[in-house]
2 protein chains.
Amino acid sequence: MGQVIPFEGPRKPPESLKPLLDLVTEDMSAINRIILDKAISDVELIPELAHHLIDSGGKRLRPMLTIAASKLCNYRGSGHIRVASAVEFMHTATLLHDDVVDDSDLRRGKQTARIIWGNQASVLVGDFLLGQAFLMLVEVGSIPVLKIMSNAAAVIAEGEVMQLAAAKNMTTTEDDYLAIINAKTAALFLAATEVGGAIAERPADEQAALKSYGRNLGLAFQLVDDALDYSGDSAHLGKAIGDDFREGKITLPVILSFRRGSESERSFWTRTIVDGDVKDGDLEHAIALMKKHKAVDATLERAHSYGAVARDALAIFHDCEEKTAMQDVIAFCVQRTH
Amino acid sequence: MGQVIPFEGPRKPPESLKPLLDLVTEDMSAINRIILDKAISDVELIPELAHHLIDSGGKRLRPMLTIAASKLCNYRGSGHIRVASAVEFMHTATLLHDDVVDDSDLRRGKQTARIIWGNQASVLVGDFLLGQAFLMLVEVGSIPVLKIMSNAAAVIAEGEVMQLAAAKNMTTTEDDYLAIINAKTAALFLAATEVGGAIAERPADEQAALKSYGRNLGLAFQLVDDALDYSGDSAHLGKAIGDDFREGKITLPVILSFRRGSESERSFWTRTIVDGDVKDGDLEHAIALMKKHKAVDATLERAHSYGAVARDALAIFHDCEEKTAMQDVIAFCVQRTH
């Protein structure tokens, strides 16, 4: 429970991701070509900035899930390539805007685009990539897929606004937090897998199963992300430990430590998170309080639990390598160290 | 030429806009209802911020053009209402992002959303409205309409990035400037009118005519906008005169004054626009130089010329009240004082 095994190196994929990688290798090459092609513009700044993020070694987990879900649904066309590329573009666009909203300096171990090119360019190139994402979806021409993706775009933004409103607010409950990560993270995982069933025009029960798988996988992914921000390995993580702490972001480890803590501990959380008065040694103290109250462990336990729901969601599909690969992704998301 | 007649009050529509207003009154009520409905969210900040801009007395010129173009094409369905609402949402989303990118304090005589709620919320609510725009378009379900609108979204962002790259750069030519306003402004006018033909499934020549009308009307609109920034009436304009000057924005009045000016005048433009070293009295001097070189007049002449192209684009349509209203909009755009 909550045990994380470090990989050999930051680039070597873990065993649990290998079945998925094998399954999607060919399609991912096509996706990478499309992504490069659609980031082109006569306005030099656009490909320059877009490539900074595109080439930064992200896992492309979301488009891989789209490919896997399409294959699980026996989709025989080629539209899934463009849909998966659009999923990645939408993800990239939200990362660009997130880094502006969060004032982030580092992403995947590199300076963020906003540090190099400024907030203005990051906002606008994010808008451009979102426009390109919809253009790709229009080329595929499936209204159900377009509906899923435009809904995701609206819900993700809604989740980010919710997070903004909850920042520095210690009255945020675990339920509030769940609503936020449901919208800001799980909505795109959900869309990424649901479109696989939609493009293959599968029956409603299979589409609902893929939706449930994606949503719960996304929740598990974000819970682990939030746990890693207080327990991960900075070199592997590609971002600084304690970013959430310094930003006054209310994540589950903080919510649980606050609620399980003493009066004086609550004063500590109020001073650091709410008032933003962070001194040397405060992050270490925060981590110590989380250990004392097993707040990170509990966050990882929640992640396991959502992972189990995701696994059960796939149960209605017959056994095949796609199903196995998608089950293994759950293990990857729950056990990852970065 | 270049003569602008002030209206009686900021709210009273000019004569030239009246035929359009009469034509679209009923549909605009439906659009206003949809706009209110789609700005709703459980996240309080979203409707609050969205309404600030939605209720701020914008003319809703773009959705009115969509309705007029649909009627000109004898469209008989109800989809044009949602499409026009999506056009307005896309416009609102770009305004929210523009104000962040331009550091603007004032829009339509009110404080900008970013001043009241911050840049972060403005970026995210813009994203939300764009997502809602696509959801509305998906509800209508026309792939050609979706294609036009997603293309517009990407091109507008591209234009904004171009403008960002050209800021404070005195080597910008009139052609560069035209490419920028083509993308950042004319692209949405073009989309707003082209969708009217697309939703009515009109022949290619009519759709092309509407596209040309919208593009040239948009160019005229932006040229007048840029002229007004140095010659308008601040109270009617709803924004401060000289905003572009202070931001170092290279618009046509500046390009022409610089190119037509003496060496010492060019030094003035370099100091103020490029170096951003603006002293008391510099704006007045800039306006005097523009008068001397007839730079604002020439900008308005260009606007008239694009207006004439827009008018000719409509020639293939038989005479009807829709055509007359759309012609009168050209006069409105070219002669407006705010």
# chains A, B, ... in the order shown; residues from 1 in each chain; ligands from 1
>>> residues_around(residues="Val24 in chain A", least_positions_apart="3", cutoff="12 Å", atoms="only C-alpha atoms", output="VMD selection string")
chain A and resid 17 to 21 27 to 32 60 to 72 80 to 81 84 321 to 322 325 to 326
>>> closest_atom_pairs(of="chain B", to="chain A", cutoff="8 Å", atoms="only C-alpha atoms", output="JSON lines")
{"residue": "B:Ser41", "atom": "CA", "partner": "A:Glu158", "partner_atom": "CA", "distance": 7.9}
{"residue": "B:Val43", "atom": "CA", "partner": "A:Met162", "partner_atom": "CA", "distance": 6.1}
{"residue": "B:Leu45", "atom": "CA", "partner": "A:Val161", "partner_atom": "CA", "distance": 7.4}
{"residue": "B:Ile46", "atom": "CA", "partner": "A:Val161", "partner_atom": "CA", "distance": 7.5}
{"residue": "B:His97", "atom": "CA", "partner": "A:Val123", "partner_atom": "CA", "distance": 7.4}
{"residue": "B:Val100", "atom": "CA", "partner": "A:Gln120", "partner_atom": "CA", "distance": 7.4}
{"residue": "B:Val101", "atom": "CA", "partner": "A:Gln120", "partner_atom": "CA", "distance": 4.9}
{"residue": "B:Asn119", "atom": "CA", "partner": "A:Val101", "partner_atom": "CA", "distance": 7.8}
{"residue": "B:Gln120", "atom": "CA", "partner": "A:Val101", "partner_atom": "CA", "distance": 4.8}
{"residue": "B:Ala121", "atom": "CA", "partner": "A:Val161", "partner_atom": "CA", "distance": 6.4}
{"residue": "B:Val123", "atom": "CA", "partner": "A:His97", "partner_atom": "CA", "distance": 7.4}
{"residue": "B:Leu124", "atom": "CA", "partner": "A:Ala157", "partner_atom": "CA", "distance": 5.5}
{"residue": "B:Val125", "atom": "CA", "partner": "A:Ala157", "partner_atom": "CA", "distance": 6.8}
{"residue": "B:Asp127", "atom": "CA", "partner": "A:Ala157", "partner_atom": "CA", "distance": 5.8}
{"residue": "B:Phe128", "atom": "CA", "partner": "A:Ala154", "partner_atom": "CA", "distance": 4.5}
{"residue": "B:Leu129", "atom": "CA", "partner": "A:Ala154", "partner_atom": "CA", "distance": 7.1}
{"residue": "B:Leu130", "atom": "CA", "partner": "A:Ala154", "partner_atom": "CA", "distance": 7.3}
{"residue": "B:Gly131", "atom": "CA", "partner": "A:Ala154", "partner_atom": "CA", "distance": 4.2}
{"residue": "B:Gln132", "atom": "CA", "partner": "A:Ala154", "partner_atom": "CA", "distance": 5.8}
{"residue": "B:Phe134", "atom": "CA", "partner": "A:Ser150", "partner_atom": "CA", "distance": 5.6}
{"residue": "B:Leu135", "atom": "CA", "partner": "A:Ser150", "partner_atom": "CA", "distance": 5.4}
{"residue": "B:Val138", "atom": "CA", "partner": "A:Lys147", "partner_atom": "CA", "distance": 5.8}
{"residue": "B:Glu139", "atom": "CA", "partner": "A:Lys147", "partner_atom": "CA", "distance": 7.8}
{"residue": "B:Gly141", "atom": "CA", "partner": "A:Ile143", "partner_atom": "CA", "distance": 6.4}
{"residue": "B:Ile143", "atom": "CA", "partner": "A:Gly141", "partner_atom": "CA", "distance": 6.4}
{"residue": "B:Leu146", "atom": "CA", "partner": "A:Val138", "partner_atom": "CA", "distance": 6.6}
{"residue": "B:Lys147", "atom": "CA", "partner": "A:Val138", "partner_atom": "CA", "distance": 5.8}
{"residue": "B:Ser150", "atom": "CA", "partner": "A:Gly131", "partner_atom": "CA", "distance": 5.3}
{"residue": "B:Asn151", "atom": "CA", "partner": "A:Leu135", "partner_atom": "CA", "distance": 6.3}
{"residue": "B:Ala152", "atom": "CA", "partner": "A:Gly131", "partner_atom": "CA", "distance": 7.7}
{"residue": "B:Ala153", "atom": "CA", "partner": "A:Gly131", "partner_atom": "CA", "distance": 5.0}
{"residue": "B:Ala154", "atom": "CA", "partner": "A:Gly131", "partner_atom": "CA", "distance": 4.2}
{"residue": "B:Val155", "atom": "CA", "partner": "A:Phe128", "partner_atom": "CA", "distance": 7.3}
{"residue": "B:Ile156", "atom": "CA", "partner": "A:Phe128", "partner_atom": "CA", "distance": 7.8}
{"residue": "B:Ala157", "atom": "CA", "partner": "A:Phe128", "partner_atom": "CA", "distance": 5.0}
{"residue": "B:Glu158", "atom": "CA", "partner": "A:Phe128", "partner_atom": "CA", "distance": 6.3}
{"residue": "B:Glu160", "atom": "CA", "partner": "A:Leu124", "partner_atom": "CA", "distance": 6.8}
{"residue": "B:Val161", "atom": "CA", "partner": "A:Leu124", "partner_atom": "CA", "distance": 6.3}
{"residue": "B:Met162", "atom": "CA", "partner": "A:Val43", "partner_atom": "CA", "distance": 6.1}
{"residue": "B:Leu164", "atom": "CA", "partner": "A:Ala121", "partner_atom": "CA", "distance": 7.5}
{"residue": "B:Ala165", "atom": "CA", "partner": "A:Leu45", "partner_atom": "CA", "distance": 7.7}
>>> select_by_dssp(residues="range 38-191 of chain B", states="strand (DSSP E)", output="tab-separated table (two decimals) with all heavy atoms, in the first residue's frame")
chain	number	residue	atom	x	y	z
B	106	LEU	N	-9.54	48.82	-19.24
B	106	LEU	CA	-10.88	49.30	-19.54
B	106	LEU	C	-11.39	48.65	-20.83
B	106	LEU	O	-10.65	48.49	-21.80
B	106	LEU	CB	-10.79	50.83	-19.77
B	106	LEU	CG	-11.88	51.73	-19.18
B	106	LEU	CD1	-12.04	51.51	-17.69
B	106	LEU	CD2	-11.54	53.20	-19.45
B	107	ARG	N	-12.67	48.25	-20.81
B	107	ARG	CA	-13.32	47.74	-22.02
B	107	ARG	C	-14.77	48.17	-21.98
B	107	ARG	O	-15.45	47.96	-20.98
B	107	ARG	CB	-13.16	46.22	-22.11
B	107	ARG	CG	-14.17	45.57	-22.98
B	107	ARG	CD	-13.77	44.50	-23.98
B	107	ARG	NE	-12.44	44.08	-24.19
B	107	ARG	CZ	-11.84	44.11	-25.40
B	107	ARG	NH1	-12.47	44.60	-26.44
B	107	ARG	NH2	-10.62	43.65	-25.55
B	110	LYS	N	-16.03	50.01	-18.92
B	110	LYS	CA	-16.02	49.37	-17.60
B	110	LYS	C	-14.63	48.78	-17.35
B	110	LYS	O	-13.88	48.52	-18.29
B	110	LYS	CB	-17.05	48.22	-17.56
B	110	LYS	CG	-18.49	48.67	-17.53
B	110	LYS	CD	-19.43	47.50	-17.79
B	110	LYS	CE	-19.57	46.55	-16.61
B	110	LYS	NZ	-20.56	45.48	-16.88
B	111	GLN	N	-14.32	48.55	-16.08
B	111	GLN	CA	-13.08	47.85	-15.77
B	111	GLN	C	-13.11	46.48	-16.43
B	111	GLN	O	-14.16	45.83	-16.49
B	111	GLN	CB	-12.97	47.65	-14.26
B	111	GLN	CG	-12.52	48.90	-13.51
B	111	GLN	CD	-12.04	48.54	-12.12
B	111	GLN	OE1	-12.74	47.85	-11.40
B	111	GLN	NE2	-10.86	49.00	-11.75
>>> closest_residue(among="B:Glu247, B:Asp226, B:Asp22, B:Asp297", to="Val274 in chain B", atoms="only C-alpha atoms")
B:Glu247
>>> atom_distance(atom1="CA of Lys294 in chain A", atom2="CA of Ser257 in chain A")
8.0 Å
>>> atom_distance(atom1="CA of Arg311 in chain B", atom2="CA of Arg82 in chain B")
26.7 Å
>>> closest_residue(among="A:Ile181, A:Ala220, A:Ile34, A:Ile273", to="Ala331 in chain A", atoms="only C-alpha atoms")
A:Ala220
>>> residues_around(residues="range 205-207 of chain A", least_positions_apart="4", cutoff="9 Å", atoms="only C-alpha atoms", output="VMD selection string")
chain A and resid 73 193 to 198 201 211 to 212 314 316 to 317
